[in-house]
>>> print(open('final_32.tsv').read())   # TSV, C-alpha atoms and all ligand atoms
chain	number	residue	atom	x	y	z
A	1	MET	CA	-13.75	-26.43	-20.61
A	2	ALA	CA	-13.13	-25.69	-16.95
A	3	LYS	CA	-12.79	-21.98	-16.24
A	4	THR	CA	-9.62	-20.77	-14.56
A	5	VAL	CA	-9.80	-18.24	-11.74
A	6	LEU	CA	-6.95	-16.30	-10.17
A	7	VAL	CA	-7.48	-15.99	-6.42
A	8	THR	CA	-5.38	-13.38	-4.64
A	9	GLY	CA	-5.12	-13.98	-0.89
A	10	GLY	CA	-6.34	-17.53	-1.48
A	11	ALA	CA	-4.32	-18.98	1.43
A	12	GLY	CA	-6.20	-16.79	3.92
A	13	TYR	CA	-9.32	-17.48	5.92
A	14	ILE	CA	-12.07	-16.66	3.41
A	15	GLY	CA	-9.82	-17.32	0.41
A	16	SER	CA	-8.99	-20.91	1.40
A	17	HIS	CA	-12.67	-21.79	1.92
A	18	THR	CA	-13.59	-20.16	-1.38
A	19	VAL	CA	-10.82	-21.96	-3.28
A	20	LEU	CA	-12.19	-25.25	-1.95
A	21	GLN	CA	-15.73	-24.40	-3.12
A	22	LEU	CA	-14.29	-23.32	-6.50
A	23	LEU	CA	-12.46	-26.61	-6.97
A	24	LEU	CA	-15.52	-28.62	-5.93
A	25	ALA	CA	-17.60	-26.62	-8.44
A	26	GLY	CA	-15.20	-27.66	-11.22
A	27	PHE	CA	-13.09	-24.49	-11.56
A	28	LYS	CA	-9.31	-24.41	-11.82
A	29	ALA	CA	-7.74	-22.11	-9.24
A	30	VAL	CA	-4.41	-20.31	-9.27
A	31	VAL	CA	-3.66	-18.79	-5.87
A	32	VAL	CA	-1.27	-15.91	-5.28
A	33	ASP	CA	-0.55	-15.01	-1.68
A	34	ASN	CA	2.49	-13.57	0.12
A	35	LEU	CA	1.59	-15.64	3.23
A	36	GLU	CA	1.81	-12.46	5.33
A	37	ASN	CA	-1.23	-13.57	7.35
A	38	SER	CA	-1.61	-17.21	6.31
A	39	SER	CA	0.10	-20.53	5.90
A	40	GLU	CA	0.83	-22.69	2.88
A	41	VAL	CA	-0.54	-25.58	4.97
A	42	ALA	CA	-4.02	-24.20	4.22
A	43	ILE	CA	-3.40	-24.71	0.49
A	44	LYS	CA	-2.25	-28.28	1.08
A	45	ARG	CA	-5.36	-29.05	3.12
A	46	VAL	CA	-7.67	-27.46	0.55
A	47	ALA	CA	-6.14	-29.70	-2.13
A	48	GLU	CA	-6.70	-32.74	0.10
A	49	LEU	CA	-10.30	-31.81	0.89
A	50	ALA	CA	-11.01	-31.31	-2.82
A	51	GLY	CA	-10.23	-34.99	-3.49
A	52	GLU	CA	-10.02	-35.68	-7.23
A	53	PHE	CA	-10.28	-31.90	-7.90
A	54	GLY	CA	-7.23	-31.23	-5.72
A	55	LYS	CA	-5.02	-31.38	-8.80
A	56	ASN	CA	-6.69	-28.21	-10.12
A	57	ILE	CA	-4.95	-25.81	-7.72
A	58	ILE	CA	-1.64	-24.04	-8.27
A	59	PHE	CA	-0.01	-21.85	-5.64
A	60	HIS	CA	2.48	-18.99	-6.14
A	61	LYS	CA	4.01	-17.19	-3.16
A	62	ILE	CA	3.76	-13.68	-4.57
A	63	ASP	CA	3.10	-10.22	-3.23
A	64	ILE	CA	0.53	-8.52	-5.46
A	65	ARG	CA	2.59	-5.33	-5.26
A	66	ASP	CA	5.32	-7.19	-7.19
A	67	LYS	CA	4.13	-6.33	-10.68
A	68	GLU	CA	6.81	-8.32	-12.47
A	69	ALA	CA	5.85	-11.48	-10.61
A	70	LEU	CA	2.14	-10.91	-11.32
A	71	GLU	CA	2.95	-10.31	-14.99
A	72	LYS	CA	4.65	-13.71	-15.15
A	73	VAL	CA	1.58	-15.42	-13.71
A	74	PHE	CA	-0.70	-13.73	-16.24
A	75	ALA	CA	1.72	-14.50	-19.09
A	76	SER	CA	1.65	-18.22	-18.29
A	77	THR	CA	-2.12	-18.66	-17.80
A	78	THR	CA	-5.26	-17.17	-19.32
A	79	PHE	CA	-7.67	-16.27	-16.56
A	80	ASP	CA	-11.42	-16.14	-17.01
A	81	ALA	CA	-11.82	-14.06	-13.84
A	82	VAL	CA	-10.08	-12.89	-10.67
A	83	ILE	CA	-11.32	-13.07	-7.08
A	84	HIS	CA	-9.36	-10.50	-5.11
A	85	PHE	CA	-9.10	-11.23	-1.37
A	86	ALA	CA	-5.48	-10.16	-0.76
A	87	GLY	CA	-5.26	-7.34	1.74
A	88	LEU	CA	-4.53	-6.40	5.31
A	89	LYS	CA	-7.64	-6.31	7.49
A	90	ALA	CA	-6.87	-5.34	11.09
A	91	VAL	CA	-8.80	-2.15	11.86
A	92	GLY	CA	-6.71	-1.16	14.91
A	93	GLU	CA	-3.41	-1.72	13.10
A	94	SER	CA	-4.65	0.39	10.18
A	95	VAL	CA	-5.13	3.35	12.55
A	96	HIS	CA	-1.50	3.12	13.67
A	97	LYS	CA	-0.03	2.22	10.27
A	98	PRO	CA	-2.23	3.91	7.65
A	99	LEU	CA	0.52	4.04	5.02
A	100	LEU	CA	1.06	0.30	5.31
A	101	TYR	CA	-2.65	-0.23	4.64
A	102	TYR	CA	-2.81	2.24	1.75
A	103	ASN	CA	0.34	0.76	0.27
A	104	ASN	CA	-0.65	-2.88	0.61
A	105	ASN	CA	-4.37	-2.70	-0.15
A	106	ILE	CA	-4.60	0.16	-2.62
A	107	ILE	CA	-1.28	-0.08	-4.47
A	108	GLY	CA	-1.66	-3.87	-4.53
A	109	THR	CA	-5.12	-3.54	-6.09
A	110	ILE	CA	-4.02	-0.94	-8.66
A	111	ASN	CA	-1.15	-3.25	-9.69
A	112	LEU	CA	-3.55	-6.16	-10.06
A	113	LEU	CA	-6.04	-4.13	-12.09
A	114	GLU	CA	-3.27	-2.85	-14.39
A	115	VAL	CA	-1.96	-6.35	-15.04
A	116	MET	CA	-5.49	-7.70	-15.56
A	117	SER	CA	-6.23	-4.93	-18.03
A	118	ALA	CA	-2.96	-5.48	-19.92
A	119	HIS	CA	-3.87	-9.16	-20.33
A	120	GLY	CA	-7.51	-8.54	-21.27
A	121	CYS	CA	-8.90	-10.17	-18.11
A	122	LYS	CA	-11.69	-7.82	-17.09
A	123	LYS	CA	-13.92	-9.86	-14.78
A	124	LEU	CA	-13.38	-9.24	-11.08
A	125	VAL	CA	-14.96	-10.16	-7.75
A	126	PHE	CA	-13.68	-7.94	-4.94
A	127	SER	CA	-13.85	-8.46	-1.15
A	128	SER	CA	-15.43	-5.32	0.21
A	129	SER	CA	-16.90	-5.04	3.66
A	130	ALA	CA	-19.92	-3.88	5.62
A	131	THR	CA	-17.45	-1.43	7.18
A	132	VAL	CA	-18.25	0.89	4.23
A	133	TYR	CA	-21.64	1.55	5.88
A	134	GLY	CA	-19.79	3.28	8.75
A	135	TRP	CA	-22.26	3.77	11.59
A	136	PRO	CA	-25.50	2.96	9.79
A	137	LYS	CA	-28.40	5.25	10.73
A	138	GLU	CA	-30.83	2.35	10.32
A	139	VAL	CA	-30.83	-1.38	9.68
A	140	PRO	CA	-30.96	-3.55	7.66
A	141	CYS	CA	-28.19	-2.03	5.52
A	142	THR	CA	-29.13	-1.90	1.86
A	143	GLU	CA	-26.61	-1.50	-0.92
A	144	GLU	CA	-27.95	2.01	-1.63
A	145	PHE	CA	-27.00	3.39	1.81
A	146	ASP	CA	-24.55	6.31	1.97
A	147	LEU	CA	-20.99	5.12	2.37
A	148	SER	CA	-18.42	6.27	4.87
A	149	ALA	CA	-15.34	4.99	6.60
A	150	THR	CA	-14.31	5.26	10.21
A	151	ASN	CA	-10.70	4.09	9.89
A	152	PRO	CA	-7.93	3.65	7.26
A	153	TYR	CA	-8.82	-0.03	6.65
A	154	GLY	CA	-12.41	0.96	5.87
A	155	ARG	CA	-11.14	3.77	3.64
A	156	THR	CA	-9.11	1.27	1.58
A	157	LYS	CA	-12.35	-0.65	0.90
A	158	LEU	CA	-14.21	2.54	0.06
A	159	PHE	CA	-11.43	3.80	-2.27
A	160	ILE	CA	-11.12	0.45	-4.03
A	161	GLU	CA	-14.89	0.34	-4.58
A	162	GLU	CA	-14.64	3.83	-6.15
A	163	ILE	CA	-11.64	2.80	-8.28
A	164	CYS	CA	-13.67	-0.15	-9.57
A	165	ARG	CA	-16.61	2.10	-10.42
A	166	ASP	CA	-14.25	4.47	-12.26
A	167	ILE	CA	-12.54	1.80	-14.33
A	168	HIS	CA	-15.88	0.40	-15.39
A	169	ILE	CA	-17.00	3.90	-16.46
A	170	SER	CA	-13.77	4.32	-18.44
A	171	ASP	CA	-14.00	0.89	-20.06
A	172	PRO	CA	-17.39	-0.89	-20.13
A	173	ASP	CA	-15.67	-4.19	-20.97
A	174	TRP	CA	-15.02	-4.54	-17.25
A	175	SER	CA	-17.54	-6.60	-15.25
A	176	ILE	CA	-17.01	-6.16	-11.53
A	177	ILE	CA	-18.87	-7.51	-8.52
A	178	LEU	CA	-18.15	-5.88	-5.18
A	179	LEU	CA	-19.17	-8.16	-2.32
A	180	ARG	CA	-19.74	-6.46	1.03
A	181	TYR	CA	-19.17	-9.13	3.65
A	182	PHE	CA	-20.79	-8.84	7.04
A	183	ASN	CA	-19.11	-10.92	9.82
A	184	PRO	CA	-17.63	-14.17	8.50
A	185	VAL	CA	-17.19	-16.85	11.20
A	186	GLY	CA	-17.05	-20.63	11.51
A	187	ALA	CA	-14.93	-23.03	9.52
A	188	HIS	CA	-15.23	-25.84	7.02
A	189	PRO	CA	-17.24	-28.68	8.69
A	190	SER	CA	-14.28	-31.05	8.24
A	191	GLY	CA	-12.32	-29.02	10.82
A	192	HIS	CA	-9.23	-29.04	8.58
A	193	ILE	CA	-9.34	-25.41	7.48
A	194	GLY	CA	-10.40	-22.37	9.48
A	195	GLU	CA	-9.32	-18.96	10.71
A	196	ASP	CA	-5.81	-18.68	12.12
A	197	PRO	CA	-5.05	-15.02	12.81
A	198	ARG	CA	-1.47	-13.99	13.57
A	199	GLY	CA	-1.00	-12.30	16.93
A	200	PHE	CA	-3.77	-10.83	19.06
A	201	PRO	CA	-7.20	-11.57	17.53
A	202	ASN	CA	-9.18	-8.43	16.70
A	203	ASN	CA	-12.49	-10.09	15.95
A	204	LEU	CA	-14.96	-11.62	18.36
A	205	MET	CA	-15.02	-15.28	17.33
A	206	PRO	CA	-11.25	-15.90	16.94
A	207	PHE	CA	-10.93	-14.46	20.45
A	208	VAL	CA	-13.72	-16.65	21.84
A	209	GLN	CA	-12.07	-19.65	20.18
A	210	GLN	CA	-8.70	-18.89	21.81
A	211	VAL	CA	-10.36	-18.56	25.24
A	212	ALA	CA	-12.09	-21.92	24.73
A	213	VAL	CA	-8.81	-23.74	24.00
A	214	GLY	CA	-7.08	-22.10	26.98
A	215	ARG	CA	-4.84	-19.71	25.06
A	216	ARG	CA	-6.44	-16.65	26.69
A	217	PRO	CA	-8.12	-16.33	30.12
A	218	ALA	CA	-11.29	-14.38	29.29
A	219	LEU	CA	-13.20	-12.53	26.60
A	220	THR	CA	-13.43	-8.79	27.04
A	221	VAL	CA	-16.92	-7.65	26.07
A	222	PHE	CA	-16.67	-4.18	24.58
A	223	GLY	CA	-19.68	-2.40	26.03
A	224	ASN	CA	-22.92	-3.63	27.59
A	225	ASP	CA	-24.75	-0.31	27.50
A	226	TYR	CA	-25.87	-0.23	23.85
A	227	SER	CA	-29.57	0.12	23.01
A	228	THR	CA	-29.75	-3.54	22.02
A	229	LYS	CA	-31.58	-6.56	23.43
A	230	ASP	CA	-28.91	-7.26	26.09
A	231	GLY	CA	-26.80	-4.11	25.83
A	232	THR	CA	-24.01	-5.68	23.74
A	233	GLY	CA	-23.19	-4.93	20.09
A	234	VAL	CA	-25.21	-6.64	17.36
A	235	ARG	CA	-23.70	-7.99	14.12
A	236	ASP	CA	-24.68	-10.18	11.18
A	237	TYR	CA	-22.53	-13.31	11.52
A	238	ILE	CA	-22.30	-15.45	8.40
A	239	HIS	CA	-20.87	-18.95	8.03
A	240	VAL	CA	-17.67	-18.82	5.97
A	241	VAL	CA	-18.89	-21.68	3.75
A	242	ASP	CA	-22.06	-19.71	2.93
A	243	LEU	CA	-19.88	-16.67	2.20
A	244	SER	CA	-17.63	-18.75	-0.06
A	245	ASP	CA	-20.65	-20.04	-1.95
A	246	GLY	CA	-21.64	-16.41	-2.51
A	247	HIS	CA	-18.44	-16.03	-4.56
A	248	ILE	CA	-19.38	-18.97	-6.77
A	249	SER	CA	-22.77	-17.31	-7.35
A	250	ALA	CA	-21.02	-14.03	-8.18
A	251	LEU	CA	-18.74	-15.79	-10.68
A	252	GLN	CA	-21.73	-17.47	-12.29
A	253	LYS	CA	-23.28	-14.02	-12.70
A	254	LEU	CA	-20.05	-12.75	-14.31
A	255	PHE	CA	-20.08	-15.67	-16.74
A	256	ASP	CA	-23.80	-15.80	-17.60
A	257	GLY	CA	-23.46	-13.10	-20.24
A	258	SER	CA	-25.62	-10.47	-18.54
A	259	GLU	CA	-24.62	-6.79	-18.52
A	260	ILE	CA	-23.17	-6.36	-15.06
A	261	GLY	CA	-21.13	-3.19	-15.09
A	262	CYS	CA	-19.89	-2.61	-11.56
A	263	GLU	CA	-22.46	-4.07	-9.17
A	264	VAL	CA	-22.45	-4.39	-5.39
A	265	TYR	CA	-24.03	-7.06	-3.18
A	266	ASN	CA	-24.24	-7.60	0.56
A	267	LEU	CA	-23.31	-11.06	1.78
A	268	GLY	CA	-24.93	-11.55	5.17
A	269	THR	CA	-27.76	-13.53	6.73
A	270	GLY	CA	-30.04	-10.56	7.47
A	271	LYS	CA	-30.13	-11.55	11.16
A	272	GLY	CA	-28.59	-9.62	14.03
A	273	THR	CA	-26.91	-11.46	16.94
A	274	SER	CA	-25.51	-9.85	20.09
A	275	VAL	CA	-22.10	-10.60	21.60
A	276	LEU	CA	-23.73	-12.40	24.55
A	277	GLU	CA	-25.95	-14.48	22.26
A	278	MET	CA	-22.92	-15.50	20.22
A	279	VAL	CA	-20.97	-16.43	23.36
A	280	ALA	CA	-23.94	-18.49	24.65
A	281	ALA	CA	-24.22	-20.33	21.31
A	282	PHE	CA	-20.48	-21.08	21.36
A	283	GLU	CA	-20.63	-22.31	24.97
A	284	LYS	CA	-23.47	-24.65	24.00
A	285	ALA	CA	-21.62	-25.96	20.94
A	286	SER	CA	-18.31	-26.46	22.75
A	287	GLY	CA	-19.38	-27.35	26.27
A	288	LYS	CA	-16.75	-24.81	27.42
A	289	GLU	CA	-17.41	-21.87	29.68
A	290	ILE	CA	-16.18	-18.55	28.28
A	291	PRO	CA	-15.27	-16.24	31.20
A	292	LEU	CA	-16.26	-12.64	30.46
A	293	VAL	CA	-14.82	-9.30	31.49
A	294	ILE	CA	-17.17	-6.41	30.78
A	295	ALA	CA	-15.31	-3.34	29.54
A	296	GLY	CA	-16.17	-0.02	27.93
A	297	ARG	CA	-17.18	0.38	24.30
A	298	ARG	CA	-14.47	-0.14	21.68
A	299	PRO	CA	-13.81	3.22	20.01
A	300	GLY	CA	-15.34	3.39	16.55
A	301	ASP	CA	-17.76	0.48	17.04
A	302	ALA	CA	-21.24	0.69	15.58
A	303	GLU	CA	-24.17	-0.40	17.72
A	304	ILE	CA	-26.20	-2.60	15.36
A	305	VAL	CA	-25.19	-3.73	11.88
A	306	TYR	CA	-26.98	-6.31	9.78
A	307	ALA	CA	-27.60	-6.80	6.10
A	308	SER	CA	-30.48	-6.54	3.75
A	309	THR	CA	-30.06	-9.74	1.73
A	310	ALA	CA	-32.80	-9.08	-0.83
A	311	LYS	CA	-30.53	-7.98	-3.70
A	312	ALA	CA	-28.16	-10.96	-3.47
A	313	GLU	CA	-31.11	-13.34	-3.19
A	314	LYS	CA	-32.83	-11.86	-6.23
A	315	GLU	CA	-29.86	-11.26	-8.53
A	316	LEU	CA	-27.22	-13.79	-7.41
A	317	HIS	CA	-29.78	-16.47	-6.44
A	318	TRP	CA	-27.77	-16.90	-3.27
A	319	LYS	CA	-28.97	-17.13	0.33
A	320	ALA	CA	-27.09	-18.13	3.48
A	321	LYS	CA	-28.08	-21.60	4.69
A	322	TYR	CA	-26.44	-21.82	8.10
A	323	GLY	CA	-27.37	-20.30	11.46
A	324	ILE	CA	-25.26	-19.44	14.50
A	325	GLU	CA	-25.52	-23.02	15.86
A	326	GLU	CA	-23.70	-24.39	12.79
A	327	MET	CA	-21.25	-21.47	12.81
A	328	CYS	CA	-20.29	-22.18	16.44
A	329	ARG	CA	-20.27	-25.97	15.94
A	330	ASP	CA	-17.83	-25.70	13.02
A	331	GLN	CA	-15.71	-23.03	14.66
A	332	TRP	CA	-15.32	-25.29	17.71
A	333	ASN	CA	-14.63	-28.34	15.56
A	334	TRP	CA	-11.76	-26.46	13.85
A	335	ALA	CA	-10.51	-24.98	17.15
A	336	SER	CA	-10.53	-28.25	19.05
A	337	MET	CA	-8.76	-30.10	16.22
A	338	ASN	CA	-6.26	-27.26	15.66
A	339	PRO	CA	-5.90	-25.32	18.94
A	340	TRP	CA	-2.79	-23.58	17.57
A	341	GLY	CA	-4.21	-23.10	14.10
A	342	TYR	CA	-1.96	-24.25	11.28
A	343	GLY	CA	0.95	-24.09	13.72
A	344	CYS	CA	0.32	-27.62	15.00
A	345	PRO	CA	-0.11	-30.89	13.15
A	346	ASP	CA	-3.49	-31.82	11.70
A	347	PRO	CA	-4.71	-34.98	13.49
A	348	ALA	CA	-5.47	-36.39	10.03
A	349	ASP	CA	-1.85	-35.98	8.85
A	401	LIG	P1	-6.85	-13.14	5.70
A	401	LIG	O1	-5.83	-12.23	6.29
A	401	LIG	O2	-7.03	-14.47	6.30
A	401	LIG	O3	-6.58	-13.31	4.12
A	401	LIG	C1	-5.98	-12.31	3.34
A	401	LIG	C2	-4.83	-12.98	2.61
A	401	LIG	O4	-4.19	-12.00	1.77
A	401	LIG	C3	-3.77	-13.53	3.55
A	401	LIG	O5	-3.50	-14.87	3.20
A	401	LIG	C4	-2.55	-12.64	3.31
A	401	LIG	O6	-1.34	-13.36	3.46
A	401	LIG	C5	-2.79	-12.19	1.88
A	401	LIG	N1	-2.18	-10.91	1.53
A	401	LIG	C6	-2.25	-9.73	2.18
A	401	LIG	N2	-1.57	-8.78	1.52
A	401	LIG	C7	-1.06	-9.37	0.40
A	401	LIG	C8	-0.27	-8.90	-0.68
A	401	LIG	N3	0.15	-7.65	-0.76
A	401	LIG	N4	0.06	-9.79	-1.65
A	401	LIG	C9	-0.35	-11.08	-1.60
A	401	LIG	N5	-1.09	-11.57	-0.59
A	401	LIG	C10	-1.45	-10.72	0.40
A	401	LIG	O7	-8.24	-12.33	5.69
A	401	LIG	P2	-9.70	-12.83	5.32
A	401	LIG	O8	-10.52	-12.72	6.55
A	401	LIG	O9	-9.65	-14.08	4.57
A	401	LIG	O10	-10.15	-11.63	4.37
A	401	LIG	C11	-10.07	-11.70	2.96
A	401	LIG	C12	-10.56	-10.40	2.36
A	401	LIG	O11	-11.89	-10.14	2.82
A	401	LIG	C13	-9.72	-9.18	2.81
A	401	LIG	O12	-9.63	-8.29	1.71
A	401	LIG	C14	-10.56	-8.58	3.91
A	401	LIG	O13	-10.34	-7.19	4.03
A	401	LIG	C15	-11.97	-8.86	3.40
A	401	LIG	N6	-12.96	-8.90	4.49
A	401	LIG	C16	-12.77	-9.70	5.57
A	401	LIG	C17	-13.70	-9.71	6.60
A	401	LIG	C18	-13.50	-10.57	7.83
A	401	LIG	O14	-14.11	-10.29	8.85
A	401	LIG	N7	-12.70	-11.63	7.78
A	401	LIG	C19	-14.84	-8.88	6.52
A	401	LIG	C20	-15.01	-8.07	5.40
A	401	LIG	C21	-14.05	-8.08	4.38
A	402	LIG	N1	-16.25	-7.68	20.48
A	402	LIG	C1	-16.07	-7.87	21.83
A	402	LIG	N2	-14.87	-8.37	22.27
A	402	LIG	C2	-13.84	-8.68	21.41
A	402	LIG	C3	-14.04	-8.46	20.03
A	402	LIG	C4	-15.26	-7.96	19.60
A	402	LIG	O1	-16.97	-7.61	22.63
A	402	LIG	O2	-12.76	-9.09	21.86
A	402	LIG	C5	-17.55	-7.19	19.99
A	402	LIG	C6	-17.46	-5.88	19.21
A	402	LIG	O3	-17.54	-4.77	20.09
A	402	LIG	C7	-18.67	-5.99	18.28
A	402	LIG	C8	-18.77	-7.50	18.01
A	402	LIG	O4	-18.06	-8.14	19.07
A	402	LIG	O5	-19.86	-5.58	18.93
A	402	LIG	C9	-18.14	-7.93	16.69
A	402	LIG	O6	-16.82	-7.42	16.64
A	402	LIG	P1	-15.82	-7.80	15.46
A	402	LIG	O7	-14.55	-7.05	15.69
A	402	LIG	O8	-15.74	-9.28	15.35
A	402	LIG	O9	-16.57	-7.28	14.15
A	402	LIG	P2	-16.89	-5.78	13.67
A	402	LIG	O10	-17.07	-4.92	14.87
A	402	LIG	O11	-15.75	-5.35	12.82
A	402	LIG	O12	-18.17	-5.92	12.89
>>> encode(input="final_32.tsv", output="structure tokens")
Amino acid sequence: MAKTVLVTGGAGYIGSHTVLQLLLAGFKAVVVDNLENSSEVAIKRVAELAGEFGKNIIFHKIDIRDKEALEKVFASTTFDAVIHFAGLKAVGESVHKPLLYYNNNIIGTINLLEVMSAHGCKKLVFSSSATVYGWPKEVPCTEEFDLSATNPYGRTKLFIEEICRDIHISDPDWSIILLRYFNPVGAHPSGHIGEDPRGFPNNLMPFVQQVAVGRRPALTVFGNDYSTKDGTGVRDYIHVVDLSDGHISALQKLFDGSEIGCEVYNLGTGKGTSVLEMVAAFEKASGKEIPLVIAGRRPGDAEIVYASTAKAEKELHWKAKYGIEEMCRDQWNWASMNPWGYGCPDPAD
């Protein structure tokens, strides 16, 4: 029997790619999303890309803070597990609107956990972030590093991780996998789904993409005086399809009968890439020049962050397959086919 997974935030960037991988792996997926930072078009395209498995997706436009609505979803379907992506993720916005972030991310998660518990669904995969390593004193970051947060968004991830550890201590029936993502980029190789942030992009690659399609004049490089190979910040970029596959591996671990408890895994490639290296790779993939404006450091930014991947490789049997060439190739493919994201027609429609 196919297992059924509830995916919160499944219309979003990582969620939509993961739902596609879930369907292709033979799972049934029920997506709840309030479409605050996404489009229902993504769900339609995922169903199309899944071919014969496209019938195995159901979408509900629901805010996870609406407990009554969540209750209805759980009353109508028995879920084998939940993958919880739903949340707000803009670091800068979280500094200006901390209550919005605590309300949406933390209250939303508590609601979800309460409804899951009431319905006896106690298997969870949660989207945490490398942001919980704060400014790491050394690299690569291992899962045992001390945790800290440098902004309200990061604190929501830290608090939710702690909440998950507490509920597992209180009730060992819970099996929880916390996945700490490094820097997801790229898009599905078809070019039909990808990242489509609302408003001003906060992250490097959505910004680069918007410069390449002529929506913005230049990329501002935040600091070229770091102690790195070329002075710009270093991050661990990971192809979104690799990241999505990491969720399938996590689910398999939840279902294989082993004692999991509340376990945490990094999802990264283990390789550090600078801003200038990433821009060069994107220019090569797209044939577009990305004009640069060098500016001061962005407040709060760490210098070098990349993952230790040993634990995920050993225990989840998962390893990223793609490098920055494929990430940039697929990001450009999505951007050139959909320069205005989901806001313009898909050439295939
Ligand atoms: P995204 O904004 O594209 O997806 C999040 C989805 O959640 C959106 O579709 C949004 O509409 C939905 N959502 C938000 N609040 C909701 C609510 N209260 N009820 C229902 N739906 C709600 O972001 P993403 O990049 O796909 O990120 C997914 C998860 O991964 C988030 O929790 C994010 O914090 C985490 N994460 C992302 C990154 C990254 O760089 N993209 C890195 C680390 C962790
Ligand atoms: N960055 C930049 N210009 C931008 C956005 C990001 O130079 O417009 C840099 C940023 O300083 C960091 C890297 O790109 O060194 C990755 O930033 P992003 O916000 O994508 O990820 P995070 O810093 O949260 O890991």
>>> closest_residue(input="final_32.tsv", among="A:Thr232, A:Ser336, A:Ser127, A:Asn104", to="ligand LIG 402 (chain A)", atoms="all atoms listed in the file")
A:Thr232
>>> residues_near_ligand(input="final_32.tsv", ligand="ligand LIG 402 (chain A)", cutoff="7 Å", atoms="only C-alpha atoms and all ligand atoms", output="number ranges by chain")
A: 183, 202-205, 207, 219-223, 232-235, 275, 297-298, 301, 303
>>> write_last_selection(input="final_32.tsv", atoms="C-alpha atoms", output="mmCIF file, in the coordinates of the input")
data_model
loop_
_atom_site.group_PDB
_atom_site.id
_atom_site.type_symbol
_atom_site.label_atom_id
_atom_site.label_comp_id
_atom_site.auth_asym_id
_atom_site.auth_seq_id
_atom_site.Cartn_x
_atom_site.Cartn_y
_atom_site.Cartn_z
ATOM 1 C CA ASN A 183 -19.110 -10.920 9.820
ATOM 2 C CA ASN A 202 -9.180 -8.430 16.700
ATOM 3 C CA ASN A 203 -12.490 -10.090 15.950
ATOM 4 C CA LEU A 204 -14.960 -11.620 18.360
ATOM 5 C CA MET A 205 -15.020 -15.280 17.330
ATOM 6 C CA PHE A 207 -10.930 -14.460 20.450
ATOM 7 C CA LEU A 219 -13.200 -12.530 26.600
ATOM 8 C CA THR A 220 -13.430 -8.790 27.040
ATOM 9 C CA VAL A 221 -16.920 -7.650 26.070
ATOM 10 C CA PHE A 222 -16.670 -4.180 24.580
ATOM 11 C CA GLY A 223 -19.680 -2.400 26.030
ATOM 12 C CA THR A 232 -24.010 -5.680 23.740
ATOM 13 C CA GLY A 233 -23.190 -4.930 20.090
ATOM 14 C CA VAL A 234 -25.210 -6.640 17.360
ATOM 15 C CA ARG A 235 -23.700 -7.990 14.120
ATOM 16 C CA VAL A 275 -22.100 -10.600 21.600
ATOM 17 C CA ARG A 297 -17.180 0.380 24.300
ATOM 18 C CA ARG A 298 -14.470 -0.140 21.680
ATOM 19 C CA ASP A 301 -17.760 0.480 17.040
ATOM 20 C CA GLU A 303 -24.170 -0.400 17.720
#
>>> residues_around(input="final_32.tsv", residues="Asp173 in chain A", least_positions_apart="5", cutoff="10 Å", atoms="all atoms listed in the file", output="PyMOL selection string")
chain A and resi 117+120-123+167-168+259-261
>>> residues_near_point(input="final_32.tsv", point="(-19.8, -10.1, -2.1)", cutoff="8 Å", atoms="all atoms listed in the file", output="PyMOL selection string")
chain A and resi 125-128+177-181+243+246-247+250+264-267
>>> residues_near_point(input="final_32.tsv", point="(-23.1, -10.8, 8.8)", cutoff="7 Å", atoms="only C-alpha atoms", output="PyMOL selection string")
chain A and resi 181-184+235-238+268-269+306-307
>>> residues_near_ligand(input="final_32.tsv", ligand="ligand LIG 401 (chain A)", cutoff="6 Å", atoms="all atoms listed in the file", output="ChimeraX atom specification")
/A:9,11-15,33-38,62-65,85-89,104,108,127-129,181-184
>>> closest_residue(input="final_32.tsv", among="A:Gly270, A:Gly10, A:Pro206, A:Gly51", to="Thr309 in chain A", atoms="only C-alpha atoms")
A:Gly270
>>> closest_residue(input="final_32.tsv", among="A:Met327, A:Ala295, A:Ala81, A:Ala149", to="Gly186 in chain A", atoms="only C-alpha atoms")
A:Met327
>>> closest_residue(input="final_32.tsv", among="A:Pro189, A:Pro291, A:Pro201, A:Gly231", to="Val91 in chain A", atoms="only C-alpha atoms")
A:Pro201
>>> atom_distance(input="final_32.tsv", atom1="CA of Val19 in chain A", atom2="CA of Ala75 in chain A")
21.5 Å
>>> atom_distance(input="final_32.tsv", atom1="CA of Pro152 in chain A", atom2="CA of Val132 in chain A")
11.1 Å
>>> atom_distance(input="final_32.tsv", atom1="CA of Pro140 in chain A", atom2="CA of Ser16 in chain A")
28.7 Å
>>> closest_residue(input="final_32.tsv", among="A:Ile176, A:Ile110, A:Val82, A:Val115", to="Cys262 in chain A", atoms="only C-alpha atoms")
A:Ile176
>>> closest_residue(input="final_32.tsv", among="A:Lys72, A:Gln209, A:Phe59, A:His84", to="Asp196 in chain A", atoms="all atoms listed in the file")
A:Gln209
>>> residues_around(input="final_32.tsv", residues="Val5 in chain A", least_positions_apart="6", cutoff="9 Å", atoms="all atoms listed in the file", output="list in words")
Leu22, Phe27, Lys28, Ala29, Val30, Val31, Thr78, Phe79, Asp80, Ala81, Val82 and Ile83 of chain A
>>> residues_around(input="final_32.tsv", residues="Lys137 in chain A", least_positions_apart="4", cutoff="12 Å", atoms="all atoms listed in the file", output="short mmCIF file (atom, residue, chain, number, x, y, z; two decimals) with C-alpha atoms, in the coordinates of the input")
data_model
loop_
_atom_site.label_atom_id
_atom_site.label_comp_id
_atom_site.auth_asym_id
_atom_site.auth_seq_id
_atom_site.Cartn_x
_atom_site.Cartn_y
_atom_site.Cartn_z
CA TYR A 133 -21.64 1.55 5.88
CA CYS A 141 -28.19 -2.03 5.52
CA THR A 142 -29.13 -1.90 1.86
CA PHE A 145 -27.00 3.39 1.81
CA ASP A 146 -24.55 6.31 1.97
CA LEU A 147 -20.99 5.12 2.37
CA SER A 148 -18.42 6.27 4.87
CA ALA A 302 -21.24 0.69 15.58
CA GLU A 303 -24.17 -0.40 17.72
CA ILE A 304 -26.20 -2.60 15.36
CA VAL A 305 -25.19 -3.73 11.88
CA TYR A 306 -26.98 -6.31 9.78
#
